[in-house]
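S.K.: coords29.pdb is reproduced in full below (PDB, C-alpha atoms, pLDDT in the B column).
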ATOM      1  CA  MET A  57      12.446   9.272   4.021  1.00 95.00           C
ATOM      2  CA  THR A  58      14.379   6.066   3.494  1.00 97.00           C
ATOM      3  CA  PRO A  59      12.756   2.872   2.219  1.00 98.00           C
ATOM      4  CA  GLU A  60      13.717   1.210   5.513  1.00 98.00           C
ATOM      5  CA  LYS A  61      11.864   3.845   7.547  1.00 98.00           C
ATOM      6  CA  LEU A  62       8.825   3.577   5.272  1.00 98.00           C
ATOM      7  CA  VAL A  63       8.787  -0.213   5.768  1.00 98.00           C
ATOM      8  CA  GLU A  64       8.975   0.308   9.545  1.00 97.00           C
ATOM      9  CA  LEU A  65       5.977   2.654   9.388  1.00 98.00           C
ATOM     10  CA  ALA A  66       4.084   0.029   7.371  1.00 98.00           C
ATOM     11  CA  LYS A  67       4.886  -2.569  10.047  1.00 97.00           C
ATOM     12  CA  GLU A  68       3.583  -0.157  12.679  1.00 97.00           C
ATOM     13  CA  ALA A  69       0.334   0.234  10.717  1.00 98.00           C
ATOM     14  CA  MET A  70      -0.247  -3.540  10.789  1.00 97.00           C
ATOM     15  CA  ALA A  71      -1.141  -3.253  14.485  1.00 96.00           C
ATOM     16  CA  HIS A  72      -4.314  -1.340  13.554  1.00 98.00           C
ATOM     17  CA  ALA A  73      -5.645  -3.991  11.150  1.00 98.00           C
ATOM     18  CA  TYR A  74      -9.148  -5.368  11.695  1.00 98.00           C
ATOM     19  CA  VAL A  75      -8.897  -8.981  10.526  1.00 97.00           C
ATOM     20  CA  PRO A  76     -11.261 -11.228  12.518  1.00 97.00           C
ATOM     21  CA  TYR A  77     -11.783 -13.610   9.580  1.00 96.00           C
ATOM     22  CA  SER A  78      -8.414 -14.206   7.922  1.00 95.00           C
ATOM     23  CA  GLY A  79      -6.003 -13.222  10.673  1.00 96.00           C
ATOM     24  CA  TYR A  80      -3.744 -11.705   7.989  1.00 95.00           C
ATOM     25  CA  LYS A  81      -2.683  -8.214   8.996  1.00 97.00           C
ATOM     26  CA  VAL A  82      -1.402  -5.863   6.308  1.00 97.00           C
ATOM     27  CA  GLY A  83       0.074  -2.423   6.816  1.00 98.00           C
ATOM     28  CA  ALA A  84       1.030   0.292   4.358  1.00 98.00           C
ATOM     29  CA  ALA A  85       2.903   3.576   4.563  1.00 98.00           C
ATOM     30  CA  LEU A  86       2.383   6.009   1.684  1.00 98.00           C
ATOM     31  CA  LEU A  87       4.936   8.756   1.053  1.00 98.00           C
ATOM     32  CA  CYS A  88       3.517  11.953  -0.436  1.00 98.00           C
ATOM     33  CA  ALA A  89       5.667  14.184  -2.645  1.00 98.00           C
ATOM     34  CA  ASP A  90       5.797  16.801   0.129  1.00 98.00           C
ATOM     35  CA  GLY A  91       7.186  14.266   2.639  1.00 98.00           C
ATOM     36  CA  THR A  92       3.932  13.583   4.484  1.00 98.00           C
ATOM     37  CA  VAL A  93       3.334   9.907   5.272  1.00 98.00           C
ATOM     38  CA  TYR A  94      -0.073   8.247   5.534  1.00 98.00           C
ATOM     39  CA  GLN A  95      -0.411   4.842   7.137  1.00 98.00           C
ATOM     40  CA  GLY A  96      -3.132   2.342   6.333  1.00 98.00           C
ATOM     41  CA  CYS A  97      -4.242  -1.096   7.439  1.00 98.00           C
ATOM     42  CA  ASN A  98      -6.577  -3.699   6.028  1.00 98.00           C
ATOM     43  CA  ILE A  99     -10.138  -3.692   7.344  1.00 98.00           C
ATOM     44  CA  GLU A 100     -12.122  -6.885   6.805  1.00 97.00           C
ATOM     45  CA  ASN A 101     -15.878  -7.285   6.583  1.00 96.00           C
ATOM     46  CA  ALA A 102     -18.016 -10.389   7.032  1.00 96.00           C
ATOM     47  CA  ALA A 103     -19.415  -9.860   3.526  1.00 94.00           C
ATOM     48  CA  TYR A 104     -15.823  -9.814   2.143  1.00 89.00           C
ATOM     49  CA  GLY A 105     -16.651  -7.460  -0.755  1.00 90.00           C
ATOM     50  CA  PRO A 106     -16.597  -4.335   1.460  1.00 92.00           C
ATOM     51  CA  THR A 107     -13.145  -5.276   2.811  1.00 94.00           C
ATOM     52  CA  ASN A 108     -10.564  -2.561   2.239  1.00 97.00           C
ATOM     53  CA  CYS A 109      -6.850  -3.144   1.736  1.00 97.00           C
ATOM     54  CA  ALA A 110      -4.116  -1.314   3.630  1.00 98.00           C
ATOM     55  CA  GLU A 111      -2.832   0.377   0.474  1.00 98.00           C
ATOM     56  CA  ARG A 112      -6.208   1.861  -0.428  1.00 98.00           C
ATOM     57  CA  THR A 113      -6.799   2.936   3.168  1.00 98.00           C
ATOM     58  CA  ALA A 114      -3.563   4.954   3.034  1.00 98.00           C
ATOM     59  CA  PHE A 115      -4.335   6.421  -0.400  1.00 98.00           C
ATOM     60  CA  PHE A 116      -7.896   7.370   0.518  1.00 98.00           C
ATOM     61  CA  LYS A 117      -6.783   9.080   3.727  1.00 98.00           C
ATOM     62  CA  ALA A 118      -4.180  11.079   1.781  1.00 98.00           C
ATOM     63  CA  VAL A 119      -6.572  12.030  -1.012  1.00 98.00           C
ATOM     64  CA  TYR A 120      -9.175  13.114   1.539  1.00 98.00           C
ATOM     65  CA  ASP A 121      -6.565  15.488   2.991  1.00 98.00           C
ATOM     66  CA  GLY A 122      -5.906  16.957  -0.465  1.00 98.00           C
ATOM     67  CA  HIS A 123      -2.775  15.088  -1.515  1.00 98.00           C
ATOM     68  CA  ARG A 124      -2.489  14.033  -5.152  1.00 98.00           C
ATOM     69  CA  ALA A 125       1.277  13.557  -5.655  1.00 98.00           C
ATOM     70  CA  PHE A 126       2.969  10.454  -4.268  1.00 98.00           C
ATOM     71  CA  THR A 127       6.509   9.099  -4.296  1.00 98.00           C
ATOM     72  CA  ALA A 128       6.439   5.616  -2.747  1.00 98.00           C
ATOM     73  CA  ILE A 129       4.538   3.103  -0.666  1.00 98.00           C
ATOM     74  CA  ALA A 130       5.740   0.313   1.616  1.00 98.00           C
ATOM     75  CA  VAL A 131       3.545  -2.739   2.182  1.00 98.00           C
ATOM     76  CA  VAL A 132       4.022  -5.517   4.748  1.00 98.00           C
ATOM     77  CA  GLY A 133       1.837  -8.345   5.941  1.00 96.00           C
ATOM     78  CA  GLY A 134       1.569 -11.643   7.675  1.00 94.00           C
ATOM     79  CA  LYS A 135      -0.569 -14.016   9.691  1.00 94.00           C
ATOM     80  CA  ASP A 136      -1.308 -12.681  13.164  1.00 91.00           C
ATOM     81  CA  GLY A 137       0.909  -9.647  12.503  1.00 88.00           C
ATOM     82  CA  ALA A 138       4.159 -11.536  11.923  1.00 91.00           C
ATOM     83  CA  VAL A 139       5.844 -10.379   8.704  1.00 92.00           C
ATOM     84  CA  ASP A 140       6.412 -13.639   6.835  1.00 84.00           C
ATOM     85  CA  GLY A 141       7.088 -12.993   3.187  1.00 90.00           C
ATOM     86  CA  ILE A 142       5.995 -10.354   0.741  1.00 93.00           C
ATOM     87  CA  PHE A 143       2.394  -9.202   0.350  1.00 90.00           C
ATOM     88  CA  PRO A 144       2.140  -7.581  -3.077  1.00 95.00           C
ATOM     89  CA  PRO A 145      -0.801  -5.242  -3.648  1.00 97.00           C
ATOM     90  CA  CYS A 146      -3.941  -6.738  -5.157  1.00 96.00           C
ATOM     91  CA  GLY A 147      -5.122  -5.704  -8.617  1.00 95.00           C
ATOM     92  CA  VAL A 148      -7.589  -3.126  -7.292  1.00 96.00           C
ATOM     93  CA  CYS A 149      -4.860  -1.462  -5.205  1.00 97.00           C
ATOM     94  CA  ARG A 150      -2.510  -1.452  -8.185  1.00 97.00           C
ATOM     95  CA  GLN A 151      -5.143   0.339 -10.244  1.00 96.00           C
ATOM     96  CA  VAL A 152      -5.690   2.912  -7.470  1.00 97.00           C
ATOM     97  CA  MET A 153      -1.940   3.525  -7.442  1.00 98.00           C
ATOM     98  CA  ARG A 154      -2.010   4.006 -11.208  1.00 97.00           C
ATOM     99  CA  GLU A 155      -4.771   6.595 -10.884  1.00 96.00           C
ATOM    100  CA  PHE A 156      -2.418   8.875  -8.963  1.00 97.00           C
ATOM    101  CA  CYS A 157       1.097   7.680  -9.777  1.00 97.00           C
ATOM    102  CA  GLY A 158       3.380   7.315 -12.764  1.00 96.00           C
ATOM    103  CA  ASP A 159       5.533   4.421 -13.858  1.00 96.00           C
ATOM    104  CA  ASP A 160       8.401   5.462 -11.549  1.00 97.00           C
ATOM    105  CA  PHE A 161       6.319   5.311  -8.348  1.00 98.00           C
ATOM    106  CA  MET A 162       8.177   3.012  -5.927  1.00 98.00           C
ATOM    107  CA  ILE A 163       6.636   0.061  -4.094  1.00 98.00           C
ATOM    108  CA  TYR A 164       8.666  -1.481  -1.282  1.00 98.00           C
ATOM    109  CA  LEU A 165       7.443  -4.972  -0.423  1.00 98.00           C
ATOM    110  CA  GLY A 166       8.659  -5.560   3.107  1.00 97.00           C
ATOM    111  CA  HIS A 167       9.648  -8.998   4.361  1.00 95.00           C
ATOM    112  CA  ALA A 168      11.481 -10.410   7.372  1.00 91.00           C
ATOM    113  CA  GLY A 169      14.896  -9.767   5.822  1.00 92.00           C
ATOM    114  CA  GLY A 170      14.305  -6.276   4.401  1.00 95.00           C
ATOM    115  CA  TYR A 171      12.318  -5.270   1.346  1.00 97.00           C
ATOM    116  CA  GLN A 172      11.975  -5.820  -2.381  1.00 97.00           C
ATOM    117  CA  PRO A 173      11.806  -2.582  -4.412  1.00 98.00           C
ATOM    118  CA  LEU A 174       9.627  -2.411  -7.520  1.00 98.00           C
ATOM    119  CA  THR A 175       8.382   0.400  -9.696  1.00 98.00           C
ATOM    120  CA  LEU A 176       4.703   0.658 -10.541  1.00 98.00           C
ATOM    121  CA  ALA A 177       5.615  -0.142 -14.156  1.00 97.00           C
ATOM    122  CA  GLU A 178       7.185  -3.408 -12.982  1.00 97.00           C
ATOM    123  CA  LEU A 179       4.237  -4.266 -10.761  1.00 96.00           C
ATOM    124  CA  LEU A 180       1.553  -3.247 -13.264  1.00 95.00           C
ATOM    125  CA  PRO A 181       2.819  -3.450 -16.851  1.00 93.00           C
ATOM    126  CA  TYR A 182       0.552  -2.256 -19.645  1.00 91.00           C
ATOM    127  CA  SER A 183      -1.622  -0.433 -17.149  1.00 90.00           C
ATOM    128  CA  PHE A 184      -4.778   1.535 -17.835  1.00 89.00           C
ATOM    129  CA  SER A 185      -3.990   5.108 -16.826  1.00 87.00           C
ATOM    130  CA  PRO A 186      -6.063   8.292 -16.600  1.00 88.00           C
ATOM    131  CA  SER A 187      -4.501   9.376 -19.907  1.00 87.00           C
ATOM    132  CA  TYR A 188      -6.807   6.906 -21.673  1.00 86.00           C
ATOM    133  CA  MET A 189      -9.787   8.906 -20.475  1.00 87.00           C
ATOM    134  CA  ALA A 190      -8.695  12.152 -22.136  1.00 79.00           C
TER
END
Please render this file's structure as C-alpha coordinates.

M.R.:
Amino acid sequence: MTPEKLVELAKEAMAHAYVPYSGYKVGAALLCADGTVYQGCNIENAAYGPTNCAERTAFFKAVYDGHRAFTAIAVVGGKDGAVDGIFPPCGVCRQVMREFCGDDFMIYLGHAGGYQPLTLAELLPYSFSPSYMA
(Lines of atoms letter the chains of each structure in order from A and count residues from 1; the text may use other names and numbers.)
(Lines give C-alpha, C1' and ligand atoms only; values in the text may rest on other atoms or scores of the structure.)
Protein backbone atom coordinates (compact mmCIF):
# COMPACT_ATOMS: atom_id res chain seq x y z
CA MET A 1 0.00 0.00 0.00
CA THR A 2 1.54 3.28 -1.08
CA PRO A 3 1.14 6.50 0.90
CA GLU A 4 -0.64 8.00 -2.12
CA LYS A 5 -3.23 5.21 -2.16
CA LEU A 6 -3.75 5.53 1.60
CA VAL A 7 -4.34 9.28 1.20
CA GLU A 8 -6.88 8.55 -1.57
CA LEU A 9 -8.72 6.15 0.74
CA ALA A 10 -8.75 8.83 3.45
CA LYS A 11 -10.25 11.30 0.95
CA GLU A 12 -12.90 8.71 0.10
CA ALA A 13 -13.75 8.35 3.80
CA MET A 14 -14.42 12.10 4.08
CA ALA A 15 -17.67 11.59 2.15
CA HIS A 16 -19.11 9.65 5.11
CA ALA A 17 -18.47 12.40 7.68
CA TYR A 18 -21.39 13.66 9.78
CA VAL A 19 -20.58 17.33 10.34
CA PRO A 20 -23.78 19.41 10.59
CA TYR A 21 -22.19 21.94 12.97
CA SER A 22 -18.68 22.71 11.70
CA GLY A 23 -18.91 21.63 8.08
CA TYR A 24 -15.33 20.32 8.37
CA LYS A 25 -15.11 16.80 6.98
CA VAL A 26 -12.16 14.64 7.99
CA GLY A 27 -11.30 11.21 6.65
CA ALA A 28 -8.72 8.66 7.74
CA ALA A 29 -7.37 5.42 6.33
CA LEU A 30 -5.54 3.14 8.76
CA LEU A 31 -3.15 0.50 7.44
CA CYS A 32 -2.90 -2.65 9.56
CA ALA A 33 0.31 -4.70 9.61
CA ASP A 34 -1.43 -7.46 7.64
CA GLY A 35 -2.40 -5.04 4.84
CA THR A 36 -6.03 -4.54 5.86
CA VAL A 37 -7.22 -0.93 5.66
CA TYR A 38 -9.88 0.63 7.88
CA GLN A 39 -11.45 3.93 6.93
CA GLY A 40 -12.92 6.41 9.38
CA CYS A 41 -14.68 9.75 9.33
CA ASN A 42 -15.45 12.37 11.93
CA ILE A 43 -18.88 12.20 13.56
CA GLU A 44 -20.06 15.37 15.29
CA ASN A 45 -22.54 15.69 18.13
CA ALA A 46 -24.53 18.71 19.28
CA ALA A 47 -22.98 18.34 22.74
CA TYR A 48 -19.48 18.46 21.13
CA GLY A 49 -17.86 16.25 23.80
CA PRO A 50 -19.22 13.01 22.28
CA THR A 51 -17.83 13.96 18.85
CA ASN A 52 -15.47 11.35 17.46
CA CYS A 53 -12.55 12.05 15.14
CA ALA A 54 -11.89 10.18 11.90
CA GLU A 55 -8.64 8.70 13.22
CA ARG A 56 -10.27 7.19 16.30
CA THR A 57 -13.19 5.90 14.23
CA ALA A 58 -10.72 3.97 12.05
CA PHE A 59 -8.72 2.68 15.03
CA PHE A 60 -11.81 1.59 16.96
CA LYS A 61 -13.23 -0.26 13.96
CA ALA A 62 -9.90 -2.09 13.50
CA VAL A 63 -9.53 -2.94 17.18
CA TYR A 64 -13.10 -4.23 17.29
CA ASP A 65 -12.18 -6.61 14.46
CA GLY A 66 -9.17 -7.87 16.43
CA HIS A 67 -6.34 -5.87 14.88
CA ARG A 68 -3.61 -4.61 17.19
CA ALA A 69 -0.65 -4.01 14.84
CA PHE A 70 -0.63 -0.95 12.59
CA THR A 71 1.78 0.49 10.05
CA ALA A 72 0.43 3.88 8.94
CA ILE A 73 -2.53 6.22 8.80
CA ALA A 74 -3.48 8.91 6.29
CA VAL A 75 -5.59 11.87 7.40
CA VAL A 76 -7.24 14.51 5.20
CA GLY A 77 -9.78 17.22 5.87
CA GLY A 78 -11.39 20.41 4.78
CA LYS A 79 -14.46 22.61 4.86
CA ASP A 80 -17.38 21.07 2.99
CA GLY A 81 -15.19 18.13 1.93
CA ALA A 82 -12.61 20.13 -0.03
CA VAL A 83 -9.07 19.19 1.03
CA ASP A 84 -7.53 22.56 1.86
CA GLY A 85 -4.41 22.14 3.94
CA ILE A 86 -3.28 19.61 6.49
CA PHE A 87 -5.45 18.40 9.36
CA PRO A 88 -3.09 16.96 11.97
CA PRO A 89 -4.60 14.59 14.52
CA CYS A 90 -5.80 16.09 17.79
CA GLY A 91 -4.10 15.22 21.07
CA VAL A 92 -6.62 12.51 21.97
CA CYS A 93 -6.11 10.80 18.60
CA ARG A 94 -2.34 11.02 19.00
CA GLN A 95 -2.61 9.28 22.35
CA VAL A 96 -4.82 6.54 20.86
CA MET A 97 -2.19 6.02 18.17
CA ARG A 98 0.48 5.75 20.86
CA GLU A 99 -1.53 3.08 22.67
CA PHE A 100 -1.13 0.75 19.69
CA CYS A 101 1.83 2.08 17.72
CA GLY A 102 5.54 2.67 18.16
CA ASP A 103 7.66 5.67 17.33
CA ASP A 104 8.07 4.57 13.68
CA PHE A 105 4.33 4.49 12.94
CA MET A 106 3.76 6.70 9.87
CA ILE A 107 1.21 9.50 9.63
CA TYR A 108 0.53 10.94 6.18
CA LEU A 109 -1.13 14.34 6.38
CA GLY A 110 -2.84 14.76 3.03
CA HIS A 111 -3.24 18.15 1.37
CA ALA A 112 -4.19 19.43 -2.07
CA GLY A 113 -0.66 18.96 -3.42
CA GLY A 114 0.14 15.54 -1.93
CA TYR A 115 0.99 14.66 1.65
CA GLN A 116 3.38 15.41 4.48
CA PRO A 117 4.90 12.29 6.09
CA LEU A 118 5.60 12.23 9.82
CA THR A 119 6.45 9.52 12.30
CA LEU A 120 4.50 9.22 15.52
CA ALA A 121 7.67 10.24 17.38
CA GLU A 122 7.74 13.47 15.36
CA LEU A 123 4.05 14.13 15.90
CA LEU A 124 4.02 13.19 19.59
CA PRO A 125 7.45 13.62 21.19
CA TYR A 126 7.93 12.53 24.79
CA SER A 127 4.74 10.52 24.64
CA PHE A 128 3.14 8.52 27.42
CA SER A 129 3.17 4.91 26.23
CA PRO A 130 1.74 1.67 27.62
CA SER A 131 5.25 0.81 28.84
CA TYR A 132 4.76 3.32 31.66
CA MET A 133 1.94 1.18 33.00
CA ALA A 134 4.08 -1.94 33.45

S.K.: Nearest to Glu60 (chain A) among A:Ala168, A:Cys88, A:Val82, A:Cys109, with distances taken over all atoms listed in the file: which residue is it?

M.R.: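 Closest candidate: A:Ala168.
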
S.K.: Do you know which residues are at most 12 Å from region 104-108 of chain A counting all atoms listed in the file, after dropping those on the same chain fewer than 3 positions away, and could you put them as an NGL selection string?

M.R.: :A and (73-78 or 81-83 or 96-101 or 111-116 or 145-146 or 148-149)

S.K.: Keeping C-alpha atoms for every residue in the selection just given, could you write it to a file as a PDB file, in the coordinates of the input?

M.R.:
ATOM      1  CA  ALA A  73      -5.645  -3.991  11.150  1.00 98.00           C
ATOM      2  CA  TYR A  74      -9.148  -5.368  11.695  1.00 98.00           C
ATOM      3  CA  VAL A  75      -8.897  -8.981  10.526  1.00 97.00           C
ATOM      4  CA  PRO A  76     -11.261 -11.228  12.518  1.00 97.00           C
ATOM      5  CA  TYR A  77     -11.783 -13.610   9.580  1.00 96.00           C
ATOM      6  CA  SER A  78      -8.414 -14.206   7.922  1.00 95.00           C
ATOM      7  CA  LYS A  81      -2.683  -8.214   8.996  1.00 97.00           C
ATOM      8  CA  VAL A  82      -1.402  -5.863   6.308  1.00 97.00           C
ATOM      9  CA  GLY A  83       0.074  -2.423   6.816  1.00 98.00           C
ATOM     10  CA  GLY A  96      -3.132   2.342   6.333  1.00 98.00           C
ATOM     11  CA  CYS A  97      -4.242  -1.096   7.439  1.00 98.00           C
ATOM     12  CA  ASN A  98      -6.577  -3.699   6.028  1.00 98.00           C
ATOM     13  CA  ILE A  99     -10.138  -3.692   7.344  1.00 98.00           C
ATOM     14  CA  GLU A 100     -12.122  -6.885   6.805  1.00 97.00           C
ATOM     15  CA  ASN A 101     -15.878  -7.285   6.583  1.00 96.00           C
ATOM     16  CA  GLU A 111      -2.832   0.377   0.474  1.00 98.00           C
ATOM     17  CA  ARG A 112      -6.208   1.861  -0.428  1.00 98.00           C
ATOM     18  CA  THR A 113      -6.799   2.936   3.168  1.00 98.00           C
ATOM     19  CA  ALA A 114      -3.563   4.954   3.034  1.00 98.00           C
ATOM     20  CA  PHE A 115      -4.335   6.421  -0.400  1.00 98.00           C
ATOM     21  CA  PHE A 116      -7.896   7.370   0.518  1.00 98.00           C
ATOM     22  CA  PRO A 145      -0.801  -5.242  -3.648  1.00 97.00           C
ATOM     23  CA  CYS A 146      -3.941  -6.738  -5.157  1.00 96.00           C
ATOM     24  CA  VAL A 148      -7.589  -3.126  -7.292  1.00 96.00           C
ATOM     25  CA  CYS A 149      -4.860  -1.462  -5.205  1.00 97.00           C
TER      26      CYS A 149
END

S.K.: To test your reading of the syntax: which residues would the PyMOL selection byres ((chain A and resi 154) around 9) return for the file shown? Reply as a list in words.

M.R.: Cys149, Arg150, Gln151, Val152, Met153, Glu155, Phe156, Cys157, Gly158, Asp159, Phe161, Leu176, Leu180, Ser183, Phe184, Ser185 and Pro186 of chain A

S.K.: Would you mind reading off the distance between CA of Ala177 (chain A) and CA of Ile163 (chain A), one decimal, in Å?

M.R.: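 Between CA of Ala177 (chain A) and CA of Ile163 (chain A) the gap is 10.1 Å.
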
S.K.: Give me the residues within 9 Å of Gly133 (chain A) as a VMD selection string, counting only C-alpha atoms and dropping any in the same chain fewer than 6 places off.

M.R.: chain A and resid 66 to 67 70 80 to 84 139 to 143 166 to 167

S.K.: So what do you get for CA of Thr92 (chain A) versus CA of Asp160 (chain A), distance-wise?

M.R.: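 CA of Thr92 (chain A) sits 18.5 Å away from CA of Asp160 (chain A).
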
S.K.: Give the answer as one residue: which of A:Val132, A:Ala69, A:Ala85, A:Val93 has the shortest atom-to-atom distance to Gly170 (chain A), using all atoms listed in the file?

M.R.: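 When distances to Gly170 (chain A) are compared using all atoms listed in the file, the smallest one comes from A:Val132.
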
S.K.: At what distance in Å, to one decimal, does CA of Phe126 (chain A) lie from CA of Ala138 (chain A)?

M.R.: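 Separation between CA of Ala138 (chain A) and CA of Phe126 (chain A): 27.3 Å.
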